[in-house]
Amino acid sequence: MTQLTFLAVHAHPDDEASSTGGLYRLLANQGVRTVLVTCTNGECGDSPTGAKPDADEHDMDEVAAVRKVELDNAVEILGVSRLVRLGYRDSGMMGWPHNANDGSFWGTPVELAARRLADILLEERPQVIVTYNEIGFYGHPDHIQANRITLAALELLDYEPTLYYNAIPDSVFAEMRKRWEEEDEARREEGKTSSALEEVEEEIPEQMSTPDDQISAAIDISAVNSVKFDALAAHASQIADSFWMKMGREAFCETNKTEWFLRVTNPQKIDGLVTDLFAGYR
């Protein structure tokens with residue numbers, strides 16, 4: 001029997017946990033070989049003291065070192081079989097000067113990074129691959145670049161795997177916005193002026209979610225969502241104050257029971273919504 005292999009191409013440490021954490025642990029529990037390709041070191045994340053990338057005390061190398069350990073811990077929690085770090089520098093958000101830094105992922109020619117990724121794909125030969133859509137899910141240049149190099153790498157293969165993009169259905173995103181609005185109302189009652197919704201909307205495009213009828217895979221992760229919470233918590237330097245962590249484990253597990261995906265290539269000729277990314281392969 002052919003070894004089933006899953007591979008995801010993610011931009012930064014912590015991305016593997018947020019959008020595919022449940023899937024990774026679920027597949028590992030099923031005996032599927034799981035591979036994670038992390039494109040950057042995450043240098044533009046918050047420093048251990050909370051300093052932002054534009055602060056004088058922000059040390060990009062220090063941030064990368066912290067995030068390396070956090071990623072190692074998350075990978076162990078999720079049971080990832082193999083982690084590959086491409087080692088590019090974090091490009092920061094669109095328009096930041098970091099976009100043009102030496103070694104930035106955004107500034108790397110697509111064909112060069114795609115060749116490196118293709119070598120990994122030919123070595124592992126995953127049947128199923130996951131990455132972000134053309135807008136990088138929420139417009140981050142490193143996420144967009146991950147999409148570009150994945151599509152280019154597929155052109156260099158001698159076989160056709162099934163490619164999925166991670167996604168959030170419109171209906172689910174509407175519920176998320178409702179929770180953010182409720183959080184804002186609670187903040188106002190406490191006399192706080194900061195807005196959870198405004199903080200999120202600064203980082204996401206209008207088209208972040210996907211129409212419900214276009215979702216092609218809905219994976220039930222309820223059996224492993226507590227592990228996903230642990231994997232997210234492993235990235236404490238970046239998400240200790242996130243809405244996920246503020247929810248607490250119980251509320252997180254109650255509301256995060258599914259991960260959704262959009263099928264892009266379909267060599268197995270699968271129709272409709274599936275509940276297993278390896279539908280047609282087993």
# chains A, B, ... in the order shown; residues from 1 in each chain; ligands from 1
>>> residues_around(residues="range 161-166 of chain A", least_positions_apart="6", cutoff="7 Å", atoms="only C-alpha atoms", output="ChimeraX atom specification")
/A:19,126-133,260-267
>>> closest_residue(among="A:Asp15, A:Gly50, A:Tyr159, A:Leu36", to="Asp241 in chain A", atoms="only C-alpha atoms")
A:Gly50
>>> atom_distance(atom1="CA of Asp90 in chain A", atom2="CA of Leu26 in chain A")
28.8 Å
>>> closest_residue(among="A:Leu112, A:Ala28, A:Val172, A:Ile239", to="Val224 in chain A", atoms="only C-alpha atoms")
A:Ala28
>>> residues_around(residues="Ala64 in chain A", least_positions_apart="6", cutoff="8 Å", atoms="only C-alpha atoms", output="compact mmCIF listing (two decimals) with N, CA and C atoms, in the first residue's frame")
# COMPACT_ATOMS: atom_id res chain seq x y z
N ASN A 41 11.53 32.71 8.72
CA ASN A 41 11.89 32.54 10.13
C ASN A 41 11.02 33.37 11.06
N GLY A 42 10.17 34.23 10.49
CA GLY A 42 9.27 35.02 11.32
C GLY A 42 9.91 36.20 12.03
N GLU A 43 10.95 36.78 11.42
CA GLU A 43 11.69 37.86 12.07
C GLU A 43 10.84 39.10 12.37
>>> residues_around(residues="Arg25 in chain A", least_positions_apart="5", cutoff="12 Å", atoms="only C-alpha atoms", output="ChimeraX atom specification")
/A:6,16-17,20,30-35,74-81,219-231
>>> residues_around(residues="Arg282 in chain A", least_positions_apart="2", cutoff="10 Å", atoms="only C-alpha atoms", output="list in words")
Met1, Thr2, Leu4, Asp276, Phe278, Ala279 and Gly280 of chain A
>>> residues_around(residues="Arg115 in chain A", least_positions_apart="6", cutoff="12 Å", atoms="only C-alpha atoms", output="ChimeraX atom specification")
/A:86,108-109,121-122,148-157
>>> atom_distance(atom1="CA of His235 in chain A", atom2="CA of Glu70 in chain A")
5.2 Å
>>> closest_residue(among="A:Ala233, A:Leu277, A:Ile270, A:Ala174", to="Met245 in chain A", atoms="only C-alpha atoms")
A:Ala233
>>> atom_distance(atom1="CA of Gly87 in chain A", atom2="CA of Leu27 in chain A")
25.7 Å
>>> residues_around(residues="range 209-211 of chain A", least_positions_apart="4", cutoff="9 Å", atoms="only C-alpha atoms", output="list in words")
Phe137, Ala167, Ile168, Pro169, Asp170, Ser171, Val172, Phe173, Ile215 and Leu262 of chain A
>>> closest_residue(among="A:Ala11, A:His98, A:Val274, A:Met176", to="Gln145 in chain A", atoms="only C-alpha atoms")
A:Ala11
>>> select_by_dssp(residues="range 16-229 of chain A", states="alpha helix (DSSP H)", output="PDB file with C-alpha atoms, in the first residue's frame")
ATOM      1  CA  GLU A  16       0.779  25.730  10.662  1.00  0.00           C
ATOM      2  CA  ALA A  17      -1.191  25.733  13.920  1.00  0.00           C
ATOM      3  CA  SER A  18      -3.797  28.358  13.082  1.00  0.00           C
ATOM      4  CA  SER A  19      -5.123  26.995   9.801  1.00  0.00           C
ATOM      5  CA  THR A  20      -4.018  23.345   9.743  1.00  0.00           C
ATOM      6  CA  GLY A  21      -3.270  22.454  13.364  1.00  0.00           C
ATOM      7  CA  GLY A  22      -6.231  20.143  13.703  1.00  0.00           C
ATOM      8  CA  LEU A  23      -5.608  18.562  10.320  1.00  0.00           C
ATOM      9  CA  TYR A  24      -1.966  17.831  11.120  1.00  0.00           C
ATOM     10  CA  ARG A  25      -2.764  16.070  14.386  1.00  0.00           C
ATOM     11  CA  LEU A  26      -5.731  14.218  12.876  1.00  0.00           C
ATOM     12  CA  LEU A  27      -3.695  12.887   9.953  1.00  0.00           C
ATOM     13  CA  ALA A  28      -0.782  11.939  12.202  1.00  0.00           C
ATOM     14  CA  ASN A  29      -3.188   9.935  14.360  1.00  0.00           C
ATOM     15  CA  MET A  60      14.927  40.441  14.318  1.00  0.00           C
ATOM     16  CA  ASP A  61      17.502  37.719  14.940  1.00  0.00           C
ATOM     17  CA  GLU A  62      16.357  37.369  18.552  1.00  0.00           C
ATOM     18  CA  VAL A  63      12.746  37.052  17.394  1.00  0.00           C
ATOM     19  CA  ALA A  64      13.706  34.393  14.860  1.00  0.00           C
ATOM     20  CA  ALA A  65      15.553  32.409  17.521  1.00  0.00           C
ATOM     21  CA  VAL A  66      12.529  32.455  19.852  1.00  0.00           C
ATOM     22  CA  ARG A  67      10.167  31.479  17.075  1.00  0.00           C
ATOM     23  CA  LYS A  68      12.426  28.616  16.031  1.00  0.00           C
ATOM     24  CA  VAL A  69      11.997  27.010  19.446  1.00  0.00           C
ATOM     25  CA  GLU A  70       8.266  27.701  19.439  1.00  0.00           C
ATOM     26  CA  LEU A  71       7.870  26.067  16.038  1.00  0.00           C
ATOM     27  CA  ASP A  72       9.841  23.014  17.148  1.00  0.00           C
ATOM     28  CA  ASN A  73       7.509  22.670  20.134  1.00  0.00           C
ATOM     29  CA  ALA A  74       4.365  23.083  18.021  1.00  0.00           C
ATOM     30  CA  VAL A  75       5.595  20.532  15.475  1.00  0.00           C
ATOM     31  CA  GLU A  76       6.113  18.008  18.257  1.00  0.00           C
ATOM     32  CA  ILE A  77       2.620  18.658  19.627  1.00  0.00           C
ATOM     33  CA  LEU A  78       1.067  18.194  16.182  1.00  0.00           C
ATOM     34  CA  VAL A 110       9.597  32.834  -7.501  1.00  0.00           C
ATOM     35  CA  GLU A 111      11.438  30.411  -9.739  1.00  0.00           C
ATOM     36  CA  LEU A 112      14.305  30.036  -7.264  1.00  0.00           C
ATOM     37  CA  ALA A 113      12.117  29.302  -4.251  1.00  0.00           C
ATOM     38  CA  ALA A 114       9.839  27.112  -6.380  1.00  0.00           C
ATOM     39  CA  ARG A 115      12.771  24.942  -7.433  1.00  0.00           C
ATOM     40  CA  ARG A 116      13.707  24.369  -3.797  1.00  0.00           C
ATOM     41  CA  LEU A 117      10.115  23.480  -2.951  1.00  0.00           C
ATOM     42  CA  ALA A 118       9.804  21.205  -5.978  1.00  0.00           C
ATOM     43  CA  ASP A 119      12.844  19.245  -4.808  1.00  0.00           C
ATOM     44  CA  ILE A 120      11.096  18.617  -1.494  1.00  0.00           C
ATOM     45  CA  LEU A 121       7.864  17.625  -3.231  1.00  0.00           C
ATOM     46  CA  LEU A 122       9.681  15.179  -5.500  1.00  0.00           C
ATOM     47  CA  GLU A 123      11.408  13.668  -2.489  1.00  0.00           C
ATOM     48  CA  GLU A 124       8.238  13.309  -0.408  1.00  0.00           C
ATOM     49  CA  GLY A 136      -2.440  34.896   0.715  1.00  0.00           C
ATOM     50  CA  PHE A 137      -5.659  34.415   2.683  1.00  0.00           C
ATOM     51  CA  TYR A 138      -5.407  37.922   4.171  1.00  0.00           C
ATOM     52  CA  GLY A 139      -2.994  39.846   1.965  1.00  0.00           C
ATOM     53  CA  PRO A 141       3.164  39.245   1.066  1.00  0.00           C
ATOM     54  CA  ASP A 142       4.795  36.095   2.464  1.00  0.00           C
ATOM     55  CA  HIS A 143       1.484  34.238   2.208  1.00  0.00           C
ATOM     56  CA  ILE A 144       1.049  35.448  -1.365  1.00  0.00           C
ATOM     57  CA  GLN A 145       4.576  34.316  -2.149  1.00  0.00           C
ATOM     58  CA  ALA A 146       3.857  30.900  -0.624  1.00  0.00           C
ATOM     59  CA  ASN A 147       0.970  30.561  -3.064  1.00  0.00           C
ATOM     60  CA  ARG A 148       3.128  31.621  -5.998  1.00  0.00           C
ATOM     61  CA  ILE A 149       5.999  29.258  -5.302  1.00  0.00           C
ATOM     62  CA  THR A 150       3.628  26.360  -4.648  1.00  0.00           C
ATOM     63  CA  LEU A 151       1.864  26.815  -7.978  1.00  0.00           C
ATOM     64  CA  ALA A 152       5.219  27.188  -9.761  1.00  0.00           C
ATOM     65  CA  ALA A 153       6.622  24.107  -8.019  1.00  0.00           C
ATOM     66  CA  LEU A 154       3.654  22.007  -9.138  1.00  0.00           C
ATOM     67  CA  ASP A 170     -18.711  33.310   4.680  1.00  0.00           C
ATOM     68  CA  SER A 171     -21.180  32.092   7.301  1.00  0.00           C
ATOM     69  CA  VAL A 172     -18.406  31.241   9.760  1.00  0.00           C
ATOM     70  CA  PHE A 173     -16.637  34.545   9.178  1.00  0.00           C
ATOM     71  CA  ALA A 174     -19.900  36.363   9.872  1.00  0.00           C
ATOM     72  CA  GLU A 175     -20.061  34.617  13.251  1.00  0.00           C
ATOM     73  CA  MET A 176     -16.452  35.625  13.949  1.00  0.00           C
ATOM     74  CA  ARG A 177     -17.272  39.262  13.216  1.00  0.00           C
ATOM     75  CA  LYS A 178     -20.257  39.001  15.541  1.00  0.00           C
ATOM     76  CA  ARG A 179     -17.973  37.785  18.358  1.00  0.00           C
ATOM     77  CA  TRP A 180     -15.539  40.642  17.702  1.00  0.00           C
ATOM     78  CA  GLU A 181     -18.433  43.123  17.842  1.00  0.00           C
ATOM     79  CA  GLU A 182     -19.585  41.641  21.146  1.00  0.00           C
ATOM     80  CA  GLU A 183     -16.040  41.930  22.463  1.00  0.00           C
ATOM     81  CA  ASP A 184     -15.977  45.585  21.407  1.00  0.00           C
ATOM     82  CA  GLU A 185     -19.222  46.208  23.264  1.00  0.00           C
ATOM     83  CA  ALA A 186     -17.751  44.629  26.395  1.00  0.00           C
ATOM     84  CA  ARG A 187     -14.659  46.819  26.043  1.00  0.00           C
ATOM     85  CA  ARG A 188     -16.770  49.954  25.757  1.00  0.00           C
ATOM     86  CA  GLU A 189     -18.677  49.008  28.894  1.00  0.00           C
ATOM     87  CA  ALA A 196     -11.039  44.242  18.530  1.00  0.00           C
ATOM     88  CA  LEU A 197     -12.853  44.567  15.212  1.00  0.00           C
ATOM     89  CA  GLU A 198     -10.728  47.503  14.053  1.00  0.00           C
ATOM     90  CA  GLU A 199      -7.550  45.644  15.016  1.00  0.00           C
ATOM     91  CA  VAL A 200      -8.598  42.702  12.862  1.00  0.00           C
ATOM     92  CA  GLU A 201      -9.861  44.789   9.945  1.00  0.00           C
ATOM     93  CA  ASN A 225      -8.970  20.606  18.755  1.00  0.00           C
ATOM     94  CA  SER A 226      -7.556  20.632  22.291  1.00  0.00           C
ATOM     95  CA  VAL A 227      -4.210  19.652  20.738  1.00  0.00           C
ATOM     96  CA  LYS A 228      -4.604  22.472  18.222  1.00  0.00           C
ATOM     97  CA  PHE A 229      -5.088  24.860  21.140  1.00  0.00           C
TER      98      PHE A 229
END
>>> decode(residues="range 235-247 of chain A", atoms="N, CA and C atoms", output="PDB file, in the first residue's frame")
ATOM      1  N   HIS A 235       3.154  28.995  20.505  1.00  0.00           N
ATOM      2  CA  HIS A 235       3.673  30.203  19.861  1.00  0.00           C
ATOM      3  C   HIS A 235       3.351  31.427  20.728  1.00  0.00           C
ATOM      4  N   ALA A 236       3.682  31.326  22.000  1.00  0.00           N
ATOM      5  CA  ALA A 236       3.276  32.335  22.979  1.00  0.00           C
ATOM      6  C   ALA A 236       3.782  33.728  22.659  1.00  0.00           C
ATOM      7  N   SER A 237       4.966  33.846  22.060  1.00  0.00           N
ATOM      8  CA  SER A 237       5.521  35.173  21.799  1.00  0.00           C
ATOM      9  C   SER A 237       4.662  35.968  20.827  1.00  0.00           C
ATOM     10  N   GLN A 238       3.862  35.286  20.020  1.00  0.00           N
ATOM     11  CA  GLN A 238       3.063  35.959  18.995  1.00  0.00           C
ATOM     12  C   GLN A 238       1.577  36.008  19.319  1.00  0.00           C
ATOM     13  N   ILE A 239       1.058  35.003  20.004  1.00  0.00           N
ATOM     14  CA  ILE A 239      -0.401  34.936  20.133  1.00  0.00           C
ATOM     15  C   ILE A 239      -0.893  34.802  21.565  1.00  0.00           C
ATOM     16  N   ALA A 240      -0.039  35.109  22.531  1.00  0.00           N
ATOM     17  CA  ALA A 240      -0.483  35.008  23.927  1.00  0.00           C
ATOM     18  C   ALA A 240      -1.687  35.902  24.197  1.00  0.00           C
ATOM     19  N   ASP A 241      -1.762  37.033  23.481  1.00  0.00           N
ATOM     20  CA  ASP A 241      -2.875  37.966  23.681  1.00  0.00           C
ATOM     21  C   ASP A 241      -3.920  37.870  22.576  1.00  0.00           C
ATOM     22  N   SER A 242      -3.869  36.827  21.777  1.00  0.00           N
ATOM     23  CA  SER A 242      -4.814  36.692  20.673  1.00  0.00           C
ATOM     24  C   SER A 242      -6.202  36.311  21.169  1.00  0.00           C
ATOM     25  N   PHE A 243      -7.204  36.481  20.298  1.00  0.00           N
ATOM     26  CA  PHE A 243      -8.570  36.130  20.693  1.00  0.00           C
ATOM     27  C   PHE A 243      -8.702  34.635  20.938  1.00  0.00           C
ATOM     28  N   TRP A 244      -7.831  33.821  20.283  1.00  0.00           N
ATOM     29  CA  TRP A 244      -7.873  32.373  20.537  1.00  0.00           C
ATOM     30  C   TRP A 244      -7.524  32.074  21.989  1.00  0.00           C
ATOM     31  N   MET A 245      -6.415  32.645  22.449  1.00  0.00           N
ATOM     32  CA  MET A 245      -5.965  32.365  23.807  1.00  0.00           C
ATOM     33  C   MET A 245      -6.896  32.979  24.844  1.00  0.00           C
ATOM     34  N   LYS A 246      -7.440  34.159  24.523  1.00  0.00           N
ATOM     35  CA  LYS A 246      -8.360  34.797  25.453  1.00  0.00           C
ATOM     36  C   LYS A 246      -9.645  33.991  25.620  1.00  0.00           C
ATOM     37  N   MET A 247      -9.992  33.194  24.610  1.00  0.00           N
ATOM     38  CA  MET A 247     -11.189  32.358  24.709  1.00  0.00           C
ATOM     39  C   MET A 247     -11.046  31.297  25.787  1.00  0.00           C
TER      40      MET A 247
END
